[in-house]
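For reference, structure-v3.pdb is printed below; it contains PDB, C-alpha atoms, pLDDT in the B column.
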ATOM      1  CA  MET Y 608      13.236  15.646  12.848  1.00 69.00           C
ATOM      2  CA  THR Y 609      12.581  11.902  13.067  1.00 74.00           C
ATOM      3  CA  LEU Y 610       9.574   9.639  13.410  1.00 78.00           C
ATOM      4  CA  PRO Y 611       8.197   9.522  16.965  1.00 86.00           C
ATOM      5  CA  ILE Y 612       9.256   5.902  17.418  1.00 89.00           C
ATOM      6  CA  ARG Y 613      12.595   4.425  18.394  1.00 92.00           C
ATOM      7  CA  THR Y 614      15.356   4.225  15.810  1.00 94.00           C
ATOM      8  CA  GLY Y 615      16.129   0.871  14.251  1.00 95.00           C
ATOM      9  CA  ASP Y 616      14.306  -1.650  12.101  1.00 97.00           C
ATOM     10  CA  TRP Y 617      10.557  -2.249  12.286  1.00 97.00           C
ATOM     11  CA  THR Y 618       8.378  -4.804  10.531  1.00 96.00           C
ATOM     12  CA  LEU Y 619       4.661  -5.424  10.017  1.00 95.00           C
ATOM     13  CA  ASP Y 620       2.365  -6.939  12.567  1.00 94.00           C
ATOM     14  CA  GLN Y 621       0.649  -9.041   9.891  1.00 92.00           C
ATOM     15  CA  ALA Y 622      -2.524  -9.610  11.909  1.00 92.00           C
ATOM     16  CA  HIS Y 623      -3.114  -5.872  12.287  1.00 94.00           C
ATOM     17  CA  THR Y 624      -2.138  -4.520   8.879  1.00 96.00           C
ATOM     18  CA  THR Y 625      -4.327  -3.971   5.822  1.00 97.00           C
ATOM     19  CA  VAL Y 626      -3.194  -2.868   2.379  1.00 97.00           C
ATOM     20  CA  GLY Y 627      -6.347  -1.968   0.516  1.00 98.00           C
ATOM     21  CA  PHE Y 628      -7.626  -0.096  -2.500  1.00 97.00           C
ATOM     22  CA  THR Y 629     -10.816   1.291  -3.966  1.00 97.00           C
ATOM     23  CA  VAL Y 630     -11.751   2.005  -7.567  1.00 96.00           C
ATOM     24  CA  ARG Y 631     -14.935   3.472  -9.030  1.00 93.00           C
ATOM     25  CA  HIS Y 632     -17.178   1.055 -10.902  1.00 88.00           C
ATOM     26  CA  LEU Y 633     -19.678   2.280 -13.504  1.00 86.00           C
ATOM     27  CA  GLY Y 634     -19.029   5.746 -12.115  1.00 81.00           C
ATOM     28  CA  ILE Y 635     -21.615   5.127  -9.385  1.00 84.00           C
ATOM     29  CA  SER Y 636     -19.970   2.971  -6.729  1.00 92.00           C
ATOM     30  CA  ARG Y 637     -16.615   1.820  -5.383  1.00 95.00           C
ATOM     31  CA  VAL Y 638     -15.157  -1.661  -5.412  1.00 95.00           C
ATOM     32  CA  ARG Y 639     -12.889  -2.438  -2.461  1.00 98.00           C
ATOM     33  CA  GLY Y 640     -10.031  -4.858  -2.406  1.00 97.00           C
ATOM     34  CA  ARG Y 641      -7.022  -5.785  -0.329  1.00 98.00           C
ATOM     35  CA  PHE Y 642      -3.809  -7.751  -0.511  1.00 97.00           C
ATOM     36  CA  THR Y 643      -2.979 -10.325   2.156  1.00 96.00           C
ATOM     37  CA  GLY Y 644       0.586 -11.139   1.063  1.00 97.00           C
ATOM     38  CA  VAL Y 645       2.406  -8.055   2.300  1.00 97.00           C
ATOM     39  CA  GLU Y 646       5.896  -7.687   3.754  1.00 96.00           C
ATOM     40  CA  ALA Y 647       7.479  -4.410   4.822  1.00 96.00           C
ATOM     41  CA  THR Y 648      10.564  -3.117   6.515  1.00 95.00           C
ATOM     42  CA  VAL Y 649      10.910   0.342   7.954  1.00 96.00           C
ATOM     43  CA  HIS Y 650      14.307   1.586   9.017  1.00 96.00           C
ATOM     44  CA  VAL Y 651      13.923   4.541  11.379  1.00 96.00           C
ATOM     45  CA  GLY Y 652      17.084   6.580  11.288  1.00 95.00           C
ATOM     46  CA  PRO Y 653      18.170   9.416  13.555  1.00 95.00           C
ATOM     47  CA  ASP Y 654      16.425  11.837  11.172  1.00 94.00           C
ATOM     48  CA  LEU Y 655      13.817  11.677   8.390  1.00 95.00           C
ATOM     49  CA  PRO Y 656      16.343  11.719   5.505  1.00 95.00           C
ATOM     50  CA  SER Y 657      17.900   8.501   6.863  1.00 96.00           C
ATOM     51  CA  THR Y 658      14.540   6.757   7.395  1.00 97.00           C
ATOM     52  CA  THR Y 659      13.461   4.277   4.703  1.00 97.00           C
ATOM     53  CA  VAL Y 660      10.376   2.233   3.862  1.00 97.00           C
ATOM     54  CA  ARG Y 661      10.160  -0.811   1.592  1.00 98.00           C
ATOM     55  CA  VAL Y 662       6.918  -2.705   0.978  1.00 97.00           C
ATOM     56  CA  GLU Y 663       6.513  -5.868  -1.089  1.00 98.00           C
ATOM     57  CA  VAL Y 664       3.037  -7.022  -2.124  1.00 98.00           C
ATOM     58  CA  GLU Y 665       2.326 -10.446  -3.601  1.00 98.00           C
ATOM     59  CA  LEU Y 666      -0.246  -9.600  -6.291  1.00 97.00           C
ATOM     60  CA  ALA Y 667      -1.721 -13.121  -6.347  1.00 98.00           C
ATOM     61  CA  THR Y 668      -3.152 -12.410  -2.886  1.00 98.00           C
ATOM     62  CA  VAL Y 669      -5.628  -9.800  -4.184  1.00 98.00           C
ATOM     63  CA  ASN Y 670      -9.048 -10.249  -2.587  1.00 98.00           C
ATOM     64  CA  THR Y 671     -12.179  -8.285  -3.539  1.00 97.00           C
ATOM     65  CA  ASP Y 672     -14.570 -10.869  -2.055  1.00 97.00           C
ATOM     66  CA  ASN Y 673     -15.466 -11.971  -5.590  1.00 96.00           C
ATOM     67  CA  PRO Y 674     -13.460 -15.008  -6.825  1.00 97.00           C
ATOM     68  CA  ASP Y 675     -14.232 -14.400 -10.527  1.00 96.00           C
ATOM     69  CA  ARG Y 676     -13.146 -10.753 -10.305  1.00 93.00           C
ATOM     70  CA  ASP Y 677     -10.025 -11.727  -8.350  1.00 97.00           C
ATOM     71  CA  ALA Y 678      -9.063 -14.248 -11.056  1.00 97.00           C
ATOM     72  CA  HIS Y 679      -9.552 -11.545 -13.689  1.00 92.00           C
ATOM     73  CA  LEU Y 680      -7.360  -9.125 -11.697  1.00 94.00           C
ATOM     74  CA  ARG Y 681      -4.572 -11.734 -11.643  1.00 96.00           C
ATOM     75  CA  SER Y 682      -4.715 -12.090 -15.447  1.00 94.00           C
ATOM     76  CA  SER Y 683      -2.820 -10.190 -18.141  1.00 92.00           C
ATOM     77  CA  ASP Y 684      -5.736  -7.713 -18.354  1.00 90.00           C
ATOM     78  CA  PHE Y 685      -4.610  -6.285 -14.986  1.00 91.00           C
ATOM     79  CA  PHE Y 686      -1.707  -7.528 -12.823  1.00 93.00           C
ATOM     80  CA  SER Y 687      -0.107 -10.137 -15.131  1.00 93.00           C
ATOM     81  CA  ILE Y 688       1.037 -12.122 -12.105  1.00 95.00           C
ATOM     82  CA  GLU Y 689       2.723 -14.764 -14.266  1.00 95.00           C
ATOM     83  CA  SER Y 690       5.324 -12.239 -15.425  1.00 96.00           C
ATOM     84  CA  HIS Y 691       5.078  -9.635 -12.626  1.00 96.00           C
ATOM     85  CA  PRO Y 692       4.115 -11.379  -9.368  1.00 97.00           C
ATOM     86  CA  MET Y 693       5.169  -8.563  -7.020  1.00 98.00           C
ATOM     87  CA  MET Y 694       4.387  -4.899  -6.488  1.00 97.00           C
ATOM     88  CA  VAL Y 695       7.121  -3.026  -4.602  1.00 98.00           C
ATOM     89  CA  PHE Y 696       7.142   0.440  -3.046  1.00 98.00           C
ATOM     90  CA  GLU Y 697      10.441   2.046  -2.043  1.00 98.00           C
ATOM     91  CA  SER Y 698      10.605   5.378  -0.261  1.00 98.00           C
ATOM     92  CA  GLY Y 699      12.772   8.156  -1.609  1.00 97.00           C
ATOM     93  CA  SER Y 700      12.101  10.910   0.900  1.00 97.00           C
ATOM     94  CA  ILE Y 701       9.990  11.424   3.993  1.00 97.00           C
ATOM     95  CA  GLU Y 702       8.900  14.881   5.112  1.00 96.00           C
ATOM     96  CA  GLU Y 703       6.956  16.120   8.091  1.00 95.00           C
ATOM     97  CA  HIS Y 704       3.651  17.751   7.136  1.00 94.00           C
ATOM     98  CA  GLY Y 705       2.243  18.883  10.486  1.00 92.00           C
ATOM     99  CA  GLN Y 706       1.934  17.234  13.851  1.00 93.00           C
ATOM    100  CA  ASP Y 707       2.038  13.447  13.428  1.00 95.00           C
ATOM    101  CA  ARG Y 708       1.623  13.812   9.639  1.00 97.00           C
ATOM    102  CA  TYR Y 709       4.164  12.871   7.008  1.00 97.00           C
ATOM    103  CA  ARG Y 710       4.509  12.553   3.264  1.00 98.00           C
ATOM    104  CA  ILE Y 711       6.484   9.727   1.736  1.00 98.00           C
ATOM    105  CA  ASP Y 712       7.605  10.220  -1.835  1.00 98.00           C
ATOM    106  CA  GLY Y 713       8.862   7.071  -3.460  1.00 98.00           C
ATOM    107  CA  HIS Y 714       8.605   4.764  -6.416  1.00 98.00           C
ATOM    108  CA  LEU Y 715       6.121   2.001  -7.120  1.00 98.00           C
ATOM    109  CA  HIS Y 716       7.191  -0.985  -9.207  1.00 97.00           C
ATOM    110  CA  LEU Y 717       4.125  -2.561 -10.850  1.00 96.00           C
ATOM    111  CA  ASN Y 718       3.560  -4.482 -14.059  1.00 95.00           C
ATOM    112  CA  GLY Y 719       7.168  -3.981 -15.193  1.00 95.00           C
ATOM    113  CA  ARG Y 720       6.987  -0.204 -14.795  1.00 96.00           C
ATOM    114  CA  VAL Y 721       8.352   2.168 -12.154  1.00 98.00           C
ATOM    115  CA  LYS Y 722       6.484   5.398 -11.401  1.00 98.00           C
ATOM    116  CA  PRO Y 723       6.539   7.980  -8.604  1.00 98.00           C
ATOM    117  CA  LEU Y 724       4.018   7.497  -5.811  1.00 98.00           C
ATOM    118  CA  ALA Y 725       3.293   9.826  -2.886  1.00 98.00           C
ATOM    119  CA  LEU Y 726       1.654   8.640   0.322  1.00 98.00           C
ATOM    120  CA  ASP Y 727       0.136  10.850   3.007  1.00 98.00           C
ATOM    121  CA  VAL Y 728       0.834   9.243   6.375  1.00 98.00           C
ATOM    122  CA  ASP Y 729      -0.710   9.801   9.802  1.00 98.00           C
ATOM    123  CA  PHE Y 730       1.038   8.533  12.936  1.00 97.00           C
ATOM    124  CA  LEU Y 731      -1.583   7.137  15.338  1.00 97.00           C
ATOM    125  CA  GLY Y 732       0.658   6.486  18.336  1.00 96.00           C
ATOM    126  CA  THR Y 733       2.292   3.610  20.147  1.00 96.00           C
ATOM    127  CA  ALA Y 734       0.980   1.065  22.604  1.00 96.00           C
ATOM    128  CA  THR Y 735       2.303  -1.934  24.488  1.00 94.00           C
ATOM    129  CA  PHE Y 736       0.655  -5.203  23.449  1.00 88.00           C
ATOM    130  CA  PRO Y 737      -0.455  -6.934  26.667  1.00 91.00           C
ATOM    131  CA  GLY Y 738       0.071 -10.430  25.251  1.00 87.00           C
ATOM    132  CA  ASP Y 739       3.855 -10.181  25.013  1.00 88.00           C
ATOM    133  CA  GLY Y 740       4.850  -6.677  26.113  1.00 90.00           C
ATOM    134  CA  SER Y 741       5.985  -5.624  22.630  1.00 89.00           C
ATOM    135  CA  VAL Y 742       5.645  -2.001  21.552  1.00 92.00           C
ATOM    136  CA  HIS Y 743       3.467  -1.433  18.486  1.00 95.00           C
ATOM    137  CA  ALA Y 744       3.287   1.738  16.388  1.00 97.00           C
ATOM    138  CA  GLY Y 745       0.237   2.605  14.292  1.00 97.00           C
ATOM    139  CA  PHE Y 746       0.064   4.468  11.002  1.00 98.00           C
ATOM    140  CA  THR Y 747      -2.416   5.060   8.205  1.00 98.00           C
ATOM    141  CA  ALA Y 748      -1.419   5.996   4.680  1.00 98.00           C
ATOM    142  CA  THR Y 749      -3.382   7.101   1.641  1.00 98.00           C
ATOM    143  CA  GLY Y 750      -2.515   7.873  -1.944  1.00 98.00           C
ATOM    144  CA  SER Y 751      -3.689   7.273  -5.472  1.00 98.00           C
ATOM    145  CA  LEU Y 752      -2.342   6.098  -8.789  1.00 97.00           C
ATOM    146  CA  SER Y 753      -3.325   5.879 -12.422  1.00 96.00           C
ATOM    147  CA  ARG Y 754      -3.853   2.316 -13.683  1.00 94.00           C
ATOM    148  CA  LYS Y 755      -2.915   3.429 -17.191  1.00 93.00           C
ATOM    149  CA  ALA Y 756       0.454   4.772 -16.023  1.00 96.00           C
ATOM    150  CA  PHE Y 757       1.346   1.189 -15.108  1.00 94.00           C
ATOM    151  CA  GLY Y 758       0.000  -0.325 -18.322  1.00 90.00           C
ATOM    152  CA  VAL Y 759      -3.134  -1.613 -16.616  1.00 88.00           C
ATOM    153  CA  ASP Y 760      -5.559  -0.240 -19.145  1.00 83.00           C
ATOM    154  CA  PHE Y 761      -8.294  -2.862 -19.473  1.00 82.00           C
ATOM    155  CA  ASN Y 762     -11.495  -0.923 -20.142  1.00 80.00           C
ATOM    156  CA  VAL Y 763     -15.054  -1.482 -21.235  1.00 75.00           C
ATOM    157  CA  PRO Y 764     -16.690   1.721 -22.526  1.00 68.00           C
ATOM    158  CA  LEU Y 765     -20.063   2.842 -21.195  1.00 66.00           C
ATOM    159  CA  ALA Y 766     -22.829   3.919 -23.586  1.00 70.00           C
ATOM    160  CA  ALA Y 767     -23.155   7.251 -21.754  1.00 72.00           C
ATOM    161  CA  GLY Y 768     -19.399   7.871 -21.894  1.00 72.00           C
ATOM    162  CA  GLY Y 769     -16.571   6.902 -19.626  1.00 67.00           C
ATOM    163  CA  PHE Y 770     -15.538   3.389 -18.692  1.00 69.00           C
ATOM    164  CA  VAL Y 771     -16.729   0.585 -16.416  1.00 82.00           C
ATOM    165  CA  ILE Y 772     -13.575   0.861 -14.267  1.00 88.00           C
ATOM    166  CA  ALA Y 773     -12.063   4.225 -13.353  1.00 90.00           C
ATOM    167  CA  ASP Y 774      -8.414   4.948 -14.070  1.00 91.00           C
ATOM    168  CA  GLN Y 775      -7.739   6.314 -10.572  1.00 95.00           C
ATOM    169  CA  VAL Y 776      -7.090   3.731  -7.872  1.00 96.00           C
ATOM    170  CA  ASN Y 777      -7.172   4.968  -4.275  1.00 98.00           C
ATOM    171  CA  ILE Y 778      -4.792   3.349  -1.811  1.00 98.00           C
ATOM    172  CA  GLU Y 779      -5.777   2.872   1.844  1.00 98.00           C
ATOM    173  CA  ILE Y 780      -3.259   1.371   4.256  1.00 98.00           C
ATOM    174  CA  ASP Y 781      -3.570   0.635   7.976  1.00 98.00           C
ATOM    175  CA  VAL Y 782      -0.324  -0.510   9.578  1.00 97.00           C
ATOM    176  CA  GLN Y 783       0.893  -1.706  12.912  1.00 96.00           C
ATOM    177  CA  LEU Y 784       4.653  -1.943  13.148  1.00 97.00           C
ATOM    178  CA  LEU Y 785       6.732  -3.630  15.786  1.00 95.00           C
ATOM    179  CA  PRO Y 786      10.470  -3.678  16.313  1.00 93.00           C
ATOM    180  CA  ALA Y 787      12.040  -6.290  14.008  1.00 90.00           C
ATOM    181  CA  VAL Y 788      13.809  -7.850  17.011  1.00 76.00           C
ATOM    182  CA  ALA Y 789      10.439  -8.411  18.734  1.00 53.00           C
ATOM    183  CA  GLN Y 790       9.033 -10.003  15.554  1.00 53.00           C
ATOM    184  CA  ALA Y 791      11.950 -12.448  15.381  1.00 52.00           C
ATOM    185  CA  ALA Y 792      11.567 -13.452  19.041  1.00 49.00           C
TER     186      ALA Y 792
END
What does the file become when written as structure tokens?
Amino acid sequence: MTLPIRTGDWTLDQAHTTVGFTVRHLGISRVRGRFTGVEATVHVGPDLPSTTVRVEVELATVNTDNPDRDAHLRSSDFFSIESHPMMVFESGSIEEHGQDRYRIDGHLHLNGRVKPLALDVDFLGTATFPGDGSVHAGFTATGSLSRKAFGVDFNVPLAAGGFVIADQVNIEIDVQLLPAVAQAA
């Protein structure tokens, strides 16, 4: 089995890709954020075991629509961008999990640590972009991680118990890929 797109190298359509996250705040709401500095390469092989994904995220590009919070996220309390400016995900295996559904098991490099990360992926189809005739492929991916597992353990306790910021961070990714040759053209 392989992905339902042509074999070869694919890259991000930057204008139509979002790498986002949510985290519970005060236990009563979610804060949303995204990263704008994202690069990815997907090599689609003749089968799933030979297909690979690599994503690089520039942590300084975090945006939660709150400049003070974003500056705090860049600090040593969270991302420590001075010493660890990038977050990198590398796939290890990709398995089919139903029609147009996949699971990518890989490793996330964050804050000087490497931990396993699983992403559930839905293939949304392909379409030809009318502006230049290039073929685009759409995917969504979701997963979650523990902040503490990556040494991101800044916390403020709540009087009623728990912490201001939850440990679990939910990952939400919307991707459009296009053949790497088309991107270079």
Within 10 Å of file point (-3.8, 7.7, 18.1), counting only C-alpha atoms, expressed as JSON, numbers by chain: {"Y": [707, 729, 730, 731, 732, 733, 734, 744, 745, 746]}
Extending 8 Å beyond the listed atoms of region 706-714 of chain Y on each side, what axis-aligned box results? I want centre and edge lengths in Å to one decimal, as JSON.
{"center_x": 5.2, "center_y": 11.0, "center_z": 3.7, "size_x": 23.2, "size_y": 28.5, "size_z": 36.3}
Local residues around (-5.0, -10.2, 1.6), at most 8 Å away, using all atoms listed in the file, as an MDAnalysis selection string: chainID Y and resid 625:626 641:645 668:670
Residues returned when the PyMOL selection byres ((chain Y and resi 782) around 8) runs on this file, as number ranges by chain: Y: 619-620, 623-625, 745-747, 780-781, 783-784
Proximity to Ala773 (chain Y) - best of Y:His704, Y:His743, Y:Arg754, Y:Arg661, all atoms listed in the file: Y:Arg754
Contacts of Glu779 (chain Y) at 7 Å or less, counting all atoms listed in the file, minus same-chain residues fewer than 4 places along, as a tab-separated table (two decimals) with C-alpha atoms, in the frame of the given file?
chain	number	residue	atom	x	y	z
Y	626	VAL	CA	-3.19	-2.87	2.38
Y	627	GLY	CA	-6.35	-1.97	0.52
Y	628	PHE	CA	-7.63	-0.10	-2.50
Y	748	ALA	CA	-1.42	6.00	4.68
Y	749	THR	CA	-3.38	7.10	1.64
Separation of CA of Ile612 (chain Y) from CA of Gly705 (chain Y) in Å: 16.3 Å
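Across Y:Leu610, Y:Ala678, Y:Val728, Y:Val788, the tightest approach to Val742 (chain Y) is made by Y:Val788 when counting all atoms listed in the file.
For the choices Y:Ile688, Y:Leu680, Y:Ala622, Y:Ile711, the atom-to-atom distance to Thr658 (chain Y) is smallest for Y:Ile711 when using all atoms listed in the file.
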